[in-house]
Number of protein chains: 2
Amino acid sequence: MAGAIAYVSRDTDGQLWNKALQAGLGPVDFRTLETLGDKADIEVVLAWKPPAGLIASFPNVRMIVSLGMGVDHLLADDRLPEGVPITRIMDDGLVGQMSEYAIYWALRHHRDIDKYAASQRARQWKPEEFVDTIHRRIGILGLGTIGQDTANKIAALGFPTAGWSRTQKTLPGIETFHGLDGFTRLLARSDILIDVLPLTRDTRGLLDAKAFAALPKGAFFINMARGGHVVDEALLAALDSGHLAGAVLDVFNQEPLPPEHRYWTHPKVRVTPHIAGATNPRTASPGVIENIKRLRTGGATNPRTASPGVIENIKRLRTGKPLIHTVDPKSGY
Amino acid sequence: MAGAIAYVSRDTDGQLWNKALQAGLGPVDFRTLETLGDKADIEVVLAWKPPAGLIASFPNVRMIVSLGMGVDHLLADDRLPEGVPITRIMDDGLVGQMSEYAIYWALRHHRDIDKYAASQRARQWKPEEFVDTIHRRIGILGLGTIGQDTANKIAALGFPTAGWSRTQKTLPGIETFHGLDGFTRLLARSDILIDVLPLTRDTRGLLDAKAFAALPKGAFFINMARGGHVVDEALLAALDSGHLAGAVLDVFNQEPLPPEHRYWTHPKVRVTPHIAGATNPRTASPGVIENIKRLRTGGATNPRTASPGVIENIKRLRTGKPLIHTVDPKSGY
């Protein structure tokens, strides 16, 4: 039998993963933090926020799988074994959810929904002036799997859509920018800015006073990436000065967001609890027959949609083929 | 010179239409209700809510153009001249806006945004259970230009999407139903129901107590078509009983919605003032250079996006070719 698969997460018991892996691989020697046994048995690690140094203590580990699409939780372990490939889950369900979240909030701002809510409270029949879709410029920070899906779906609605990435990318129908110079240019043309960047050394604190000032007056900011990108005081100042029209924040420098934080009560800020792409383990609607019981892994992953890639990689690993969805620890994603 | 074009509307002065038509046709003898002159000169009528009998008084009229995509405002004139073809504008901008509206409200319900707003007010970090996108069934009443655009964009987001039309239609990726039997079956599988039907003899009052009862418990209703489809007391009863989770209404049996109407204050009803596809004549955002000055025609139309089809039809009329975007007065659309 092949080596053991260790499920390293304190958030869930991993049994949905165990099932999904067995369905794809046949019998699996599935271990959790409670049932690790002999560390020398571990061939593959599925990890979410692993205790620092734990993975390095598996002498025969051959692949590390991040249970989140973001890998900052994993790379925070500064003792990861060198030379062991790191892959991450790719979760179509999660990607689609992220795009839904971005589209929802972009449309809310674009279509003045909050003004209509106020008019309804006043029982006022009052059509608002509006910006034509072809003049509402949307900018996306990050053009990985999530950024591309979001960009494509937003462009399909007719918005002039641009994206920014560290290295140059070309996408049909999307204006692309890269590098530091491109960053400022992307900001300057973004009436709505959507952040889906990974959290790396380069992106921590990227959205500071200078960045917010580079956005057009009246811009709207959506953060569904990582709170660590944002200098909170700079964002609050840009909102308070009136330079920004509003912000929707799903992620924060500290999570859960502390009850005393200004974001909770700021009239221009909408807070959601890291659910843009989050998944819930329990069925949500009793009327829907097949509701997926999902893992809550913060990141978060869904074995239904995420497991095929992991299974594929385990097969590739065992047959000596190149791995997919690999992570470069140097770039941080 | 060709015959005169009469712009028959009390809502706007038609000058943007005059300009758009001249740009496409060369010099145009453009008349309005104030400058009609000799009625025998009129070759083409562009009409929005025309006074009953007026068009019949143009002896040489050869084509009637509805300035709204919906033509109920025009067919309400029971003295329209027989045998004169009726066309309607097709406005890509308007179509896109309608889809935006539907997607916005569908996502708002789908993603429990109102629950998160309540949690924010309580400063509570509380992820909600949710229904996976692939299990949230969306149904669209009406598969004309707007219905198809809406259906395609919603299906592209991953929702199981179905549509209903009077006559059978086939659309890739969309489950289709037709006829009376199909109507009930469409309702029974629609967690979110979106109405984009035209208002005709057959669709007036279509959404009655029986129709709402046919929806699954907890369904959500979006009306961006015509208020005349809905039996208001039946909708309110379905909301009050808890059978429906909520409704978003952009159109009403009486518009503007009277201040004393229950919809304004019903906790499960969101009211917008006929803006799903409405356009505004004035530029909306001073920062955006080219904002389109649009006609407010209730329906509403935008010369920029709508005029090519009208120009094409005037050319076709004058060269004896078959017209496009024609309306069948018998079916009412």
# chains A, B, ... in the order shown; residues from 1 in each chain; ligands from 1
>>> interface_residues(of="chain A", to="chain B", cutoff="6 Å", atoms="only C-alpha atoms", output="compact mmCIF listing (two decimals) with N, CA, C and O atoms, in the first residue's frame")
# COMPACT_ATOMS: atom_id res chain seq x y z
N TYR A 104 -21.67 40.67 -6.96
CA TYR A 104 -22.74 41.19 -6.12
C TYR A 104 -22.43 42.61 -5.65
O TYR A 104 -23.22 43.54 -5.82
N GLN A 120 -36.98 53.80 -0.45
CA GLN A 120 -38.10 52.95 -0.03
C GLN A 120 -38.50 53.28 1.41
O GLN A 120 -39.69 53.38 1.71
N ARG A 123 -40.66 55.98 1.35
CA ARG A 123 -41.77 55.77 0.40
C ARG A 123 -41.68 56.73 -0.78
O ARG A 123 -42.69 57.28 -1.23
N TRP A 125 -40.72 57.46 -4.68
CA TRP A 125 -40.51 56.91 -6.03
C TRP A 125 -39.50 57.82 -6.71
O TRP A 125 -39.85 58.87 -7.23
N PRO A 127 -36.24 57.60 -9.21
CA PRO A 127 -35.15 57.02 -10.03
C PRO A 127 -33.87 57.85 -9.85
O PRO A 127 -33.92 59.07 -9.80
N GLU A 129 -29.98 59.01 -11.04
CA GLU A 129 -29.07 59.08 -12.18
C GLU A 129 -28.11 57.91 -12.09
O GLU A 129 -27.88 57.38 -11.00
N PHE A 130 -27.57 57.52 -13.20
CA PHE A 130 -26.66 56.39 -13.10
C PHE A 130 -25.56 56.46 -14.15
O PHE A 130 -25.65 57.19 -15.12
N VAL A 131 -24.54 55.67 -13.87
CA VAL A 131 -23.41 55.56 -14.80
C VAL A 131 -23.67 54.35 -15.69
O VAL A 131 -23.98 53.26 -15.22
N PRO A 259 -14.76 43.20 18.07
CA PRO A 259 -16.04 43.93 18.16
C PRO A 259 -15.87 45.43 18.24
O PRO A 259 -16.77 46.18 17.85
N TRP A 264 -16.84 47.87 11.82
CA TRP A 264 -18.20 47.37 12.10
C TRP A 264 -19.25 48.47 11.97
O TRP A 264 -20.36 48.23 11.51
N PRO A 273 -18.04 38.13 7.21
CA PRO A 273 -17.08 37.36 8.02
C PRO A 273 -16.31 36.30 7.24
O PRO A 273 -16.43 35.11 7.52
N ASN A 280 -19.45 26.14 4.09
CA ASN A 280 -19.99 25.68 5.36
C ASN A 280 -20.18 24.18 5.35
O ASN A 280 -20.59 23.62 4.34
N ALA A 284 -27.44 23.65 3.99
CA ALA A 284 -27.95 24.99 4.26
C ALA A 284 -29.45 25.08 4.06
O ALA A 284 -30.14 25.77 4.77
>>> residues_around(residues="segment 33-43 of chain B", least_positions_apart="5", cutoff="9 Å", atoms="only C-alpha atoms", output="VMD selection string")
chain B and resid 2 to 10 57 to 64
>>> atom_distance(atom1="atom CA of Pro267 of chain A", atom2="atom CA of Leu239 of chain A")
9.5 Å
>>> closest_atom_pairs(of="segment 189-290 of chain A", to="segment 311-332 of chain A", cutoff="8 Å", atoms="only C-alpha atoms", output="CSV")
residue,atom,partner,partner_atom,distance
A:Pro198,CA,A:Gly332,CA,7.6
A:Leu199,CA,A:Gly332,CA,7.4
A:Thr200,CA,A:Gly332,CA,5.3
A:Arg201,CA,A:Gly332,CA,7.5
>>> write_last_selection(atoms="N, CA, C and O atoms", output="CSV table (one decimal), in the first residue's frame")
chain,number,residue,atom,x,y,z
A,198,PRO,N,-2.8,37.2,-3.7
A,198,PRO,CA,-2.4,36.4,-2.6
A,198,PRO,C,-1.6,37.3,-1.6
A,198,PRO,O,-1.3,38.4,-1.9
A,199,LEU,N,-1.5,36.8,-0.3
A,199,LEU,CA,-0.8,37.5,0.7
A,199,LEU,C,0.7,37.1,0.6
A,199,LEU,O,1.0,35.9,1.0
A,200,THR,N,1.5,37.9,0.2
A,200,THR,CA,3.0,37.6,0.2
A,200,THR,C,3.8,38.8,0.8
A,200,THR,O,3.2,39.8,1.1
A,201,ARG,N,5.1,38.6,0.8
A,201,ARG,CA,5.9,39.7,1.3
A,201,ARG,C,5.7,41.0,0.5
A,201,ARG,O,5.6,42.0,1.0
>>> select_by_dssp(residues="segment 88-144 of chain B", states="alpha helix (DSSP H)", output="list of chain:residue names")
B:Asp92, B:Gly93, B:Leu94, B:Val95, B:Gly96, B:Gln97, B:Met98, B:Ser99, B:Glu100, B:Tyr101, B:Ala102, B:Ile103, B:Tyr104, B:Trp105, B:Ala106, B:Leu107, B:Arg108, B:His109, B:His110, B:Ile113, B:Asp114, B:Lys115, B:Tyr116, B:Ala117, B:Ala118, B:Ser119, B:Gln120, B:Arg121
>>> write_last_selection(atoms="C-alpha atoms", output="tab-separated table (two decimals), in the first residue's frame")
chain	number	residue	atom	x	y	z
B	92	ASP	CA	-28.43	46.38	-25.82
B	93	GLY	CA	-27.78	48.82	-23.01
B	94	LEU	CA	-31.25	48.29	-21.61
B	95	VAL	CA	-30.99	44.51	-21.99
B	96	GLY	CA	-27.70	44.50	-20.10
B	97	GLN	CA	-29.17	46.62	-17.34
B	98	MET	CA	-32.09	44.24	-16.92
B	99	SER	CA	-29.71	41.31	-16.56
B	100	GLU	CA	-27.62	43.25	-14.04
B	101	TYR	CA	-30.74	43.91	-12.01
B	102	ALA	CA	-31.77	40.25	-12.00
B	103	ILE	CA	-28.28	39.02	-11.16
B	104	TYR	CA	-27.91	41.56	-8.38
B	105	TRP	CA	-31.08	40.54	-6.56
B	106	ALA	CA	-30.61	36.84	-7.21
B	107	LEU	CA	-27.14	37.03	-5.63
B	108	ARG	CA	-28.42	39.11	-2.74
B	109	HIS	CA	-30.88	36.37	-1.87
B	110	HIS	CA	-28.49	33.54	-2.75
B	113	ILE	CA	-26.55	39.45	2.26
B	114	ASP	CA	-29.35	40.75	4.46
B	115	LYS	CA	-28.37	38.34	7.23
B	116	TYR	CA	-24.80	39.61	7.07
B	117	ALA	CA	-26.06	43.18	7.29
B	118	ALA	CA	-27.93	42.25	10.46
B	119	SER	CA	-24.81	40.58	11.86
B	120	GLN	CA	-22.78	43.68	11.10
B	121	ARG	CA	-25.27	45.85	13.00
>>> residues_around(residues="segment 169-172 of chain A", least_positions_apart="5", cutoff="8 Å", atoms="only C-alpha atoms", output="number ranges by chain")
A: 143, 177-178
>>> residues_around(residues="segment 182-187 of chain B", least_positions_apart="6", cutoff="9 Å", atoms="only C-alpha atoms", output="list in words")
Gly139, Ile140, Leu141, Ala162, Gly163, Trp164, Ser165, Arg166, Thr176, Leu193, Ala211, Phe212, Ala213, Ala214, Leu215 and Pro216 of chain B
>>> closest_residue(among="B:Met69, B:Ile86, B:Leu75, B:Ile194", to="Thr145 of chain B", atoms="only C-alpha atoms")
B:Met69
>>> select_by_dssp(residues="segment 3-146 of chain A", states="strand (DSSP E or B)", output="number ranges by chain")
A: 4-8, 30-32, 42-47, 63-66, 86-88, 138-141
